[in-house]
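Next comes model36.txt, a file with compact mmCIF, C-alpha atoms.
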# COMPACT_ATOMS: atom_id res chain seq x y z
CA MET W 1 26.87 -98.97 84.96
CA ALA W 2 28.38 -95.59 86.01
CA VAL W 3 25.00 -93.78 85.76
CA ASN W 4 22.57 -95.02 88.33
CA ASP W 5 18.85 -94.42 88.89
CA VAL W 6 19.49 -91.67 91.43
CA ILE W 7 21.24 -89.52 88.84
CA LEU W 8 18.58 -90.23 86.23
CA ASN W 9 15.76 -89.50 88.64
CA SER W 10 17.49 -86.29 89.67
CA LEU W 11 17.85 -85.21 86.04
CA ILE W 12 14.22 -86.06 85.29
CA ARG W 13 12.94 -84.20 88.39
CA GLU W 14 15.12 -81.18 87.63
CA ARG W 15 13.74 -80.92 84.06
CA ARG W 16 10.18 -81.31 85.19
CA ASP W 17 10.75 -78.42 87.59
CA ILE W 18 12.16 -76.40 84.71
CA ILE W 19 9.06 -77.27 82.65
CA ARG W 20 6.75 -76.00 85.40
CA LEU W 21 8.82 -72.84 85.71
CA GLN W 22 8.66 -72.26 81.93
CA VAL W 23 4.90 -72.83 81.95
CA VAL W 24 4.47 -70.27 84.70
CA PHE W 25 6.75 -67.80 82.91
CA ALA W 26 4.95 -68.30 79.57
CA SER W 27 1.56 -67.85 81.27
CA ILE W 28 2.73 -64.62 82.88
CA VAL W 29 4.03 -63.27 79.59
CA VAL W 30 0.82 -64.17 77.74
CA SER W 31 -1.27 -62.65 80.51
CA VAL W 32 0.69 -59.41 80.41
CA GLY W 33 0.23 -59.23 76.62
CA ILE W 34 -3.50 -59.84 76.89
CA ILE W 35 -3.80 -57.21 79.61
CA VAL W 36 -2.03 -54.70 77.39
CA ILE W 37 -4.36 -55.49 74.48
CA ILE W 38 -7.48 -55.23 76.66
CA SER W 39 -6.30 -52.00 78.24
CA GLY W 40 -5.78 -50.57 74.77
CA PHE W 41 -9.36 -51.38 73.79
CA ALA W 42 -11.08 -50.78 77.11
CA SER W 43 -9.56 -47.46 78.17
CA ALA W 44 -11.66 -44.47 77.21
CA ALA W 45 -8.50 -42.36 77.14
CA TRP W 46 -7.56 -43.89 73.76
CA ALA W 47 -11.04 -43.80 72.33
CA SER W 48 -10.29 -40.75 70.19
CA ALA W 49 -6.77 -41.90 69.19
CA GLU W 50 -7.03 -44.83 66.82
CA PRO W 51 -3.25 -45.15 66.17
CA LEU W 52 -2.54 -45.45 69.90
CA ARG W 53 -5.11 -48.22 70.17
CA ALA W 54 -3.45 -50.08 67.28
CA ILE W 55 -0.04 -49.61 68.90
CA PHE W 56 -1.38 -51.04 72.14
CA SER W 57 -2.80 -54.03 70.28
CA LEU W 58 0.41 -54.69 68.41
CA GLY W 59 2.48 -54.20 71.57
CA GLY W 60 0.28 -56.65 73.48
CA ALA W 61 0.58 -59.13 70.65
CA PHE W 62 4.34 -58.73 70.63
CA ILE W 63 4.56 -59.31 74.37
CA SER W 64 2.32 -62.38 74.07
CA THR W 65 4.45 -63.84 71.31
CA LEU W 66 7.50 -63.53 73.57
CA SER W 67 6.00 -66.54 75.36
CA ALA W 68 7.15 -68.59 72.37
CA PHE W 69 10.65 -68.74 73.88
CA PRO W 70 9.68 -70.48 77.15
CA ILE W 71 7.19 -72.65 75.25
CA SER W 72 9.92 -73.75 72.86
CA GLN W 73 12.22 -74.40 75.78
CA MET W 74 9.47 -76.33 77.57
CA LEU W 75 8.85 -78.56 74.53
CA THR W 76 12.56 -79.27 74.20
CA ILE W 77 12.84 -80.21 77.87
CA ARG W 78 9.75 -82.39 77.57
CA GLY W 79 11.53 -84.29 74.80
CA GLN W 80 14.57 -84.63 77.09
CA VAL W 81 12.40 -85.95 79.92
CA ALA W 82 10.83 -88.52 77.60
CA LEU W 83 14.26 -89.60 76.43
CA LEU W 84 15.55 -89.84 80.00
CA VAL W 85 12.55 -92.01 80.98
CA LEU W 86 13.23 -94.21 77.99
CA MET W 87 16.89 -94.45 78.91
CA GLN W 88 15.99 -95.32 82.52
CA ALA W 89 13.80 -98.17 81.27
CA GLU W 90 16.48 -99.38 78.85
CA ARG W 91 19.09 -99.23 81.62
CA SER W 92 16.94 -101.40 83.88
CA ARG W 93 16.43 -103.81 81.05
CA LEU W 94 20.15 -103.90 80.23
CA LEU W 95 21.13 -104.36 83.87
CA SER W 96 18.96 -107.47 83.98
CA MET W 97 20.91 -108.79 80.99
CA THR W 98 24.52 -108.02 82.12
CA THR W 99 25.19 -111.30 83.81
CA ALA W 100 25.68 -113.01 80.52
CA VAL W 101 27.79 -110.27 78.95
CA ASP W 102 31.56 -109.92 79.12
CA PRO W 103 33.21 -106.86 80.73
CA LYS W 104 34.27 -105.34 77.39
CA GLU W 105 30.75 -105.32 76.17
CA ILE W 106 29.57 -103.71 79.41
CA GLU W 107 32.18 -101.01 79.02
CA LEU W 108 30.99 -100.34 75.50
CA LEU W 109 27.41 -100.16 76.69
CA ASN W 110 28.46 -97.69 79.38
CA GLN W 111 30.10 -95.47 76.81
CA LEU W 112 27.08 -95.62 74.54
CA PHE W 113 24.77 -94.82 77.46
CA LEU W 114 26.89 -91.86 78.52
CA GLN W 115 26.97 -90.63 74.96
CA ALA W 116 23.21 -90.93 74.68
CA LEU W 117 22.80 -89.23 78.03
CA GLY W 118 25.01 -86.39 76.89
CA LYS W 119 22.85 -85.92 73.80
CA ALA W 120 19.68 -86.21 75.83
CA VAL W 121 20.52 -83.56 78.42
CA ALA W 122 22.37 -81.19 76.09
CA PRO W 123 20.94 -77.67 76.39
CA MET L 1 26.30 -106.07 67.45
CA SER L 2 24.37 -107.10 70.49
CA ASP L 3 20.73 -106.29 71.17
CA ALA L 4 21.62 -103.86 73.95
CA GLU L 5 23.98 -102.00 71.67
CA VAL L 6 21.32 -101.73 69.03
CA THR L 7 18.92 -100.37 71.60
CA LEU L 8 21.37 -97.78 72.83
CA GLN L 9 22.15 -96.78 69.24
CA ALA L 10 18.42 -96.23 68.70
CA VAL L 11 18.24 -94.14 71.84
CA LEU L 12 21.25 -92.17 70.67
CA GLN L 13 19.60 -91.50 67.29
CA ARG L 14 16.43 -90.48 68.95
CA ALA L 15 18.35 -88.04 71.15
CA GLU L 16 19.98 -86.58 68.07
CA ALA L 17 16.60 -86.30 66.38
CA ASN L 18 15.26 -84.55 69.44
CA GLU L 19 18.18 -82.15 69.28
CA ARG L 20 17.49 -81.28 65.65
CA THR L 21 13.83 -80.85 66.30
CA SER L 22 14.64 -78.59 69.21
CA ARG L 23 16.82 -76.38 67.04
CA ARG L 24 14.20 -76.03 64.34
CA ARG L 25 11.56 -75.29 66.96
CA ALA L 26 13.80 -72.70 68.58
CA PHE L 27 14.27 -71.04 65.17
CA ILE L 28 10.56 -71.10 64.33
CA PHE L 29 9.45 -69.95 67.77
CA SER L 30 11.99 -67.15 67.66
CA LEU L 31 10.68 -66.12 64.26
CA ILE L 32 7.14 -65.44 65.54
CA PRO L 33 7.94 -62.62 68.05
CA THR L 34 10.51 -61.29 65.61
CA VAL L 35 7.92 -60.91 62.85
CA VAL L 36 5.37 -59.43 65.24
CA GLY L 37 8.03 -57.12 66.61
CA LEU L 38 8.97 -55.97 63.12
CA ILE L 39 5.32 -55.30 62.31
CA PHE L 40 4.99 -53.43 65.56
CA LEU L 41 8.13 -51.46 64.84
CA GLY L 42 7.04 -50.65 61.28
CA PHE L 43 3.61 -49.55 62.36
CA THR L 44 5.11 -47.41 65.09
CA VAL L 45 7.53 -45.84 62.63
CA VAL L 46 4.67 -45.07 60.24
CA GLN L 47 2.66 -43.56 63.03
CA ILE L 48 5.62 -41.52 64.21
CA GLN L 49 6.20 -40.24 60.69
CA ALA L 50 2.53 -39.36 60.41
CA ALA L 51 2.68 -37.67 63.78
CA GLN L 52 5.79 -35.76 62.73
CA HIS L 53 4.09 -34.71 59.53
CA GLU L 54 1.07 -33.63 61.48
CA LEU L 55 3.32 -31.87 63.96
CA GLN L 56 4.98 -29.98 61.13
CA SER L 57 1.61 -29.07 59.71
CA THR L 58 0.43 -27.98 63.12
CA SER L 59 3.63 -26.00 63.64
CA GLN L 60 3.07 -24.32 60.30
CA GLN L 61 -0.49 -23.53 61.27
CA LEU L 62 0.72 -22.27 64.61
CA SER L 63 3.23 -20.04 62.88
CA ASP L 64 0.56 -18.76 60.51
CA THR L 65 -1.76 -18.18 63.42
CA ARG L 66 0.93 -16.27 65.28
CA ASN L 67 1.57 -14.15 62.21
CA ALA L 68 -2.14 -13.55 61.84
CA LEU L 69 -2.33 -12.74 65.53
CA ALA L 70 0.51 -10.26 65.17
CA THR L 71 -1.33 -8.73 62.25
CA LEU L 72 -4.55 -8.59 64.23
CA GLU L 73 -3.03 -6.95 67.31
CA PRO L 74 -3.22 -3.41 65.86
CA LEU L 75 -6.74 -4.21 64.77
CA GLU L 76 -7.47 -5.38 68.30
CA GLN L 77 -6.20 -2.10 69.68
CA GLN L 78 -8.27 -0.24 67.14
CA THR L 79 -11.29 -2.34 67.99
CA LYS L 80 -10.76 -1.70 71.70
CA GLN L 81 -10.55 2.00 70.95
CA GLN L 82 -13.72 1.81 68.91
CA LEU L 83 -15.35 -0.19 71.67
CA GLY L 84 -14.42 2.50 74.18
CA ASP L 85 -15.75 5.18 71.86
CA SER L 86 -18.91 3.17 71.32
CA GLN L 87 -19.40 2.78 75.05
CA ALA L 88 -18.94 6.49 75.55
CA ALA L 89 -21.39 7.17 72.73
CA LEU L 90 -23.76 4.65 74.26
CA GLN L 91 -23.57 6.39 77.62
CA GLN L 92 -24.15 9.71 75.93
CA ALA L 93 -27.06 8.23 73.99
CA ASN L 94 -28.51 6.83 77.20
CA GLN L 95 -28.20 10.22 78.82
CA GLN L 96 -29.87 11.85 75.82
CA ARG L 97 -32.55 9.21 75.91
CA GLN L 98 -33.21 9.95 79.57
CA GLU L 99 -33.38 13.64 78.77
CA ALA L 100 -35.69 12.90 75.86
CA GLU L 101 -37.89 10.78 78.08
CA ALA L 102 -38.04 13.59 80.61
CA SER L 103 -38.88 16.03 77.82
CA ARG L 104 -41.47 13.64 76.53
CA SER L 105 -43.01 13.39 79.98
CA GLN L 106 -43.13 17.15 80.20
CA ALA L 107 -44.56 17.35 76.68
CA GLU L 108 -47.19 14.79 77.57
CA ALA L 109 -48.09 16.78 80.65
CA LYS L 110 -48.30 19.90 78.52
CA GLN L 111 -50.29 18.03 75.92
CA GLN L 112 -52.75 16.91 78.56
CA GLU L 113 -52.91 20.45 79.83
CA ALA L 114 -53.45 21.67 76.26
CA VAL L 115 -56.17 19.10 75.78
CA VAL L 116 -57.86 20.36 78.92
CA GLN L 117 -57.48 23.94 77.70
CA GLN L 118 -58.75 22.94 74.27
CA ARG L 119 -61.79 21.35 75.83
CA GLN L 120 -62.35 24.43 77.91
CA ALA L 121 -61.91 26.59 74.80
CA GLU L 122 -64.31 24.39 72.87
CA ALA L 123 -66.80 24.69 75.67
CA ALA L 124 -66.24 28.44 75.75
CA ALA L 125 -66.55 28.63 71.95
CA GLN L 126 -69.70 26.60 72.06
CA GLU L 127 -71.04 28.87 74.74
CA ALA L 128 -69.98 31.91 72.69
CA ASN L 129 -71.62 30.48 69.60
CA SER L 130 -74.77 29.96 71.60
CA LYS L 131 -74.59 33.53 72.83
CA ALA L 132 -73.83 34.76 69.31
CA ALA L 133 -76.77 32.84 67.95
CA ALA L 134 -78.95 34.31 70.69
CA LEU L 135 -77.58 37.80 69.92
CA GLN L 136 -78.18 37.33 66.19
CA GLN L 137 -81.67 36.24 66.98
CA GLN L 138 -82.09 39.31 69.16
CA ILE L 139 -80.62 41.51 66.41
CA ALA L 140 -82.90 39.94 63.89
CA ASP L 141 -85.85 40.53 66.18
CA LEU L 142 -84.80 44.10 66.81
CA ASP L 143 -84.22 44.66 63.10
CA SER L 144 -87.61 43.26 62.34
CA GLN L 145 -89.17 45.46 64.99
CA LEU L 146 -87.25 48.46 63.64
CA LYS L 147 -88.42 47.81 60.11
CA ASP L 148 -91.97 47.45 61.32
CA ARG L 149 -91.76 50.68 63.22
CA LEU L 150 -90.23 52.54 60.24
CA GLN L 151 -92.80 51.17 57.88
CA LYS L 152 -95.57 52.20 60.26
CA GLY L 153 -94.61 55.80 59.55
CA SER L 154 -92.05 56.81 62.09
CA ILE L 155 -89.50 57.91 59.45
CA THR L 156 -91.11 56.97 56.17
CA GLN L 157 -92.78 60.34 56.05
CA PHE L 158 -89.33 61.92 56.06
CA ILE L 159 -88.02 60.01 53.06
CA ILE L 160 -87.10 62.30 50.21
CA PRO L 161 -88.17 60.94 46.78
CA PRO L 162 -85.43 60.18 44.21
CA ASN L 163 -86.34 63.06 41.93
CA GLU L 164 -85.90 65.55 44.70
CA VAL L 165 -82.62 63.89 45.58
CA LEU L 166 -81.36 64.41 42.05
CA LEU L 167 -82.32 68.02 42.32
CA SER L 168 -80.50 68.23 45.59
CA LEU L 169 -77.38 67.00 43.84
CA LYS L 170 -77.25 70.22 41.88
CA ALA L 171 -77.36 72.20 45.04
CA SER L 172 -74.73 70.17 46.81
CA CYS L 173 -72.23 69.81 44.05
CA CYS L 174 -70.93 73.32 44.69
CA ASN L 175 -69.19 72.36 47.83
CA GLY L 176 -67.09 69.63 46.13
CA SER L 177 -69.10 66.73 47.47
CA GLY L 178 -70.91 65.87 44.28
CA GLU L 179 -68.85 62.79 43.60
CA LEU L 180 -69.47 61.51 47.13
CA PHE L 181 -73.17 62.06 46.74
CA ASN L 182 -73.12 60.44 43.31
CA ASP L 183 -71.41 57.32 44.73
CA ILE L 184 -74.05 56.95 47.39
CA ILE L 185 -76.87 57.35 44.86
CA ARG L 186 -75.27 54.59 42.70
CA ASP L 187 -75.19 52.26 45.70
CA GLN L 188 -78.90 52.78 46.25
CA GLY L 189 -80.72 49.55 45.40
CA VAL L 190 -77.39 47.65 45.07
CA ILE L 191 -76.08 47.49 48.65
CA ARG L 192 -78.58 46.30 51.23
CA TRP L 193 -79.06 46.66 54.95
CA ASN L 194 -77.35 44.05 57.12
CA PRO L 195 -77.02 44.80 60.83
CA VAL L 196 -73.82 42.69 61.08
CA GLY L 197 -72.52 43.01 57.51
CA VAL L 198 -68.97 44.09 56.69
CA ALA L 199 -68.83 43.63 52.87
CA PRO L 200 -70.80 45.16 49.95
CA THR L 201 -72.11 41.74 48.90
CA ASP L 202 -73.40 41.04 52.41
CA GLY L 203 -74.67 44.54 53.14
CA PHE L 204 -73.85 47.01 55.90
CA ASN L 205 -75.30 48.67 58.94
CA SER L 206 -75.22 52.47 58.97
CA PRO L 207 -71.74 53.18 60.50
CA ASN L 208 -70.10 50.42 58.47
CA TYR L 209 -71.55 51.75 55.24
CA ALA L 210 -70.30 55.26 55.98
CA THR L 211 -66.85 53.81 56.69
CA TYR L 212 -67.00 51.78 53.45
CA VAL L 213 -67.87 54.86 51.36
CA LEU L 214 -65.06 56.91 52.89
CA ARG L 215 -62.52 54.13 52.37
CA ARG L 216 -63.64 53.56 48.79
CA ARG L 217 -63.13 57.20 47.99
CA GLY L 218 -59.76 57.18 49.74
CA LEU L 219 -60.81 59.81 52.26
CA ILE L 220 -59.65 57.65 55.18
CA GLY L 221 -57.23 54.81 55.48
CA ASP L 222 -58.06 51.12 55.14
CA GLN L 223 -57.63 50.63 58.87
CA SER L 224 -59.58 53.78 59.86
CA SER L 225 -63.32 54.16 60.49
CA VAL L 226 -65.83 56.91 61.11
CA ASN L 227 -64.98 56.66 64.81
CA ASP L 228 -61.55 58.10 63.99
CA LEU L 229 -62.99 61.28 62.45
CA ARG L 230 -62.74 64.54 64.24
CA VAL L 231 -65.88 65.77 66.07
CA ILE L 232 -67.12 69.16 64.99
CA THR L 233 -69.94 71.39 66.14
CA SER L 234 -71.11 72.77 62.80
CA PRO L 235 -71.31 70.43 59.79
CA ASP L 236 -70.44 71.30 56.25
CA VAL L 237 -71.80 69.61 53.11
CA GLY L 238 -70.37 66.08 52.90
CA ASP L 239 -69.71 65.76 56.65
CA ILE L 240 -71.31 63.05 58.75
CA ALA L 241 -74.15 63.46 61.23
CA VAL L 242 -74.53 60.77 63.88
CA PHE L 243 -78.04 60.22 65.29
CA ASN L 244 -79.63 58.01 67.92
CA TYR L 245 -79.69 54.28 67.29
CA GLY L 246 -76.37 54.64 65.45
CA TYR L 247 -77.61 56.26 62.28
CA THR L 248 -74.48 57.58 60.57
CA MET L 249 -75.64 59.74 57.68
CA PHE L 250 -73.91 62.08 55.23
CA TYR L 251 -75.00 65.70 55.58
CA PHE L 252 -76.13 67.68 52.49
CA LEU L 253 -78.16 70.81 51.61
CA ASP L 254 -80.86 70.99 48.98
CA GLU L 255 -81.43 73.86 46.55
CA GLY L 256 -83.35 75.72 49.21
CA LEU L 257 -80.35 75.24 51.56
CA LYS L 258 -82.49 72.95 53.63
CA PRO L 259 -80.39 70.13 55.15
CA PHE L 260 -81.04 66.51 54.39
CA VAL L 261 -79.05 63.38 55.19
CA ILE L 262 -78.39 60.24 53.17
CA GLY L 263 -77.00 56.91 54.25
CA MET L 264 -77.79 53.32 55.18
CA THR L 265 -81.01 52.66 57.13
CA PRO L 266 -82.93 49.48 57.92
CA LEU L 267 -84.88 50.33 54.75
CA ASP L 268 -81.57 50.32 52.76
CA ILE L 269 -80.00 53.54 51.44
CA LEU L 270 -82.36 56.48 51.89
CA ALA L 271 -82.29 60.25 51.77
CA LEU L 272 -84.11 61.65 54.83
CA ASP L 273 -85.14 64.85 56.40
CA PRO L 274 -83.00 65.07 59.55
CA ALA L 275 -86.09 65.87 61.55
CA GLY L 276 -87.14 62.26 61.11
CA LEU L 277 -84.08 61.06 63.05
CA GLY L 278 -84.20 63.51 65.88
CA GLU L 279 -81.39 65.75 67.10
CA PRO L 280 -77.91 64.69 65.90
CA VAL L 281 -75.70 63.31 68.61
CA GLU L 282 -72.58 64.68 67.00
CA TYR L 283 -71.07 65.79 63.71
CA LEU L 284 -67.90 64.27 62.23
CA ALA L 285 -65.63 66.11 59.81
CA VAL L 286 -64.89 64.21 56.60
CA PRO L 287 -61.41 64.95 55.21
CA ARG L 288 -61.41 66.63 51.82
Can you give me the file's structure in the form of structure tokens?
Amino acid sequence: MAVNDVILNSLIRERRDIIRLQVVFASIVVSVGIIVIISGFASAAWASAEPLRAIFSLGGAFISTLSAFPISQMLTIRGQVALLVLMQAERSRLLSMTTAVDPKEIELLNQLFLQALGKAVAP
Amino acid sequence: MSDAEVTLQAVLQRAEANERTSRRRAFIFSLIPTVVGLIFLGFTVVQIQAAQHELQSTSQQLSDTRNALATLEPLEQQTKQQLGDSQAALQQANQQRQEAEASRSQAEAKQQEAVVQQRQAEAAAQEANSKAAALQQQIADLDSQLKDRLQKGSITQFIIPPNEVLLSLKASCCNGSGELFNDIIRDQGVIRWNPVGVAPTDGFNSPNYATYVLRRRGLIGDQSSVNDLRVITSPDVGDIAVFNYGYTMFYFLDEGLKPFVIGMTPLDILALDPAGLGEPVEYLAVPR
């Protein structure tokens, strides 16, 4: 097969790194939003201005919800990682079966694998 | 189709399913911050509009306040002027108060001095009253002694009886003093002896009675007395003869041209022979 384990392992490791990065980014965004909300409630400067406190709360909530983008991206990449692991297992299993298969069939399998890999790692 | 192909087809389908799921998730997860952002934006817009409305209201109030302030500025000047006037008046009032306090202090000092003088005067008056009471007692004693002495015969033997007095009137009337004599006779038994009396109801001593008779007849003024009469050496009928002990008697002549006197004595009004009173001290001319 044209795609070997090194490439698959590299793809899997790269996506896991991206997942960690997205988790860190989402945590930072959520933390910033929570800090904004708490500062709006805790600061005595806004004690006599109820609208400002509400604006702080809504602003903090808005910033926190911005973490939905990295979370969504993280979930998508997790699905890609799972698919890549599955494909790695299927490739190993298929390689153990190729001795009994003719070259045309192997070429077809390669095309199908590349097609599946393209779907799996599509952004 | 071989088993491997079927497997890869399944993997391919799963990859496609993952792709669709990822798209839906991306849409849904994008919707959450969008909705929250819209809420945030709407709330902020509402608050800004409220703030603008409040700002307009505050600006209007500020404008009204400035107008009111401009209106009040002349009043402020007037009030300052009044305040200055009030302070000047206050200073003047304080000065007057200090002057009044000084005057009050002086008045209090004078009042204390007056109180001291009043006490001294009261003491003096009390002392004078005591002396007056002692003098009245002495006068009363002397009067009593004088009455006793007269009644023991010193002058009673010289009293002319009333009938002879009436006869004497005829003799004396020729000199124009009949009315005077008649007045004195009418007072006899009505006006009594009083060594300190000054009114007909209280009685008189001898000089005061003579003065009373002359005033009543208009022969001397209301402020004059027998002491103001002219001293003469030879009396005429109706003149006054002054004897010792203050006897002030009217001088008359009887029908035998013998002199007799009539006036107030400690035994009331009597007609006497002058010999009973001794030598006259002086004669006083009664105006006619």
Would you mind listing, for every residue of chain L within 6 Å of chain W, the two atoms forming the shortest contact and the distance between them in Å to one decimal, using only C-alpha atoms, sorted by chain and ascending residue number, as a tab-separated table?
residue	atom	partner	partner_atom	distance
L:Leu12	CA	W:Ala116	CA	4.6
L:Ala15	CA	W:Ala120	CA	5.2
L:Ser22	CA	W:Thr76	CA	5.4
L:Ala26	CA	W:Ser72	CA	5.9
L:Phe29	CA	W:Ala68	CA	5.3
L:Pro33	CA	W:Thr65	CA	4.9
L:Val36	CA	W:Phe62	CA	5.5
L:Gly37	CA	W:Phe62	CA	5.7
L:Phe40	CA	W:Leu58	CA	5.5
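Interatomic distance, CA of Val24 in chain W to CA of Ala89 in chain W: 29.6 Å.
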Quick one: pull the distance between CA of Val286 in chain L and CA of Gln188 in chain L, Å, one decimal.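 Distance between the two atoms: 20.8 Å.
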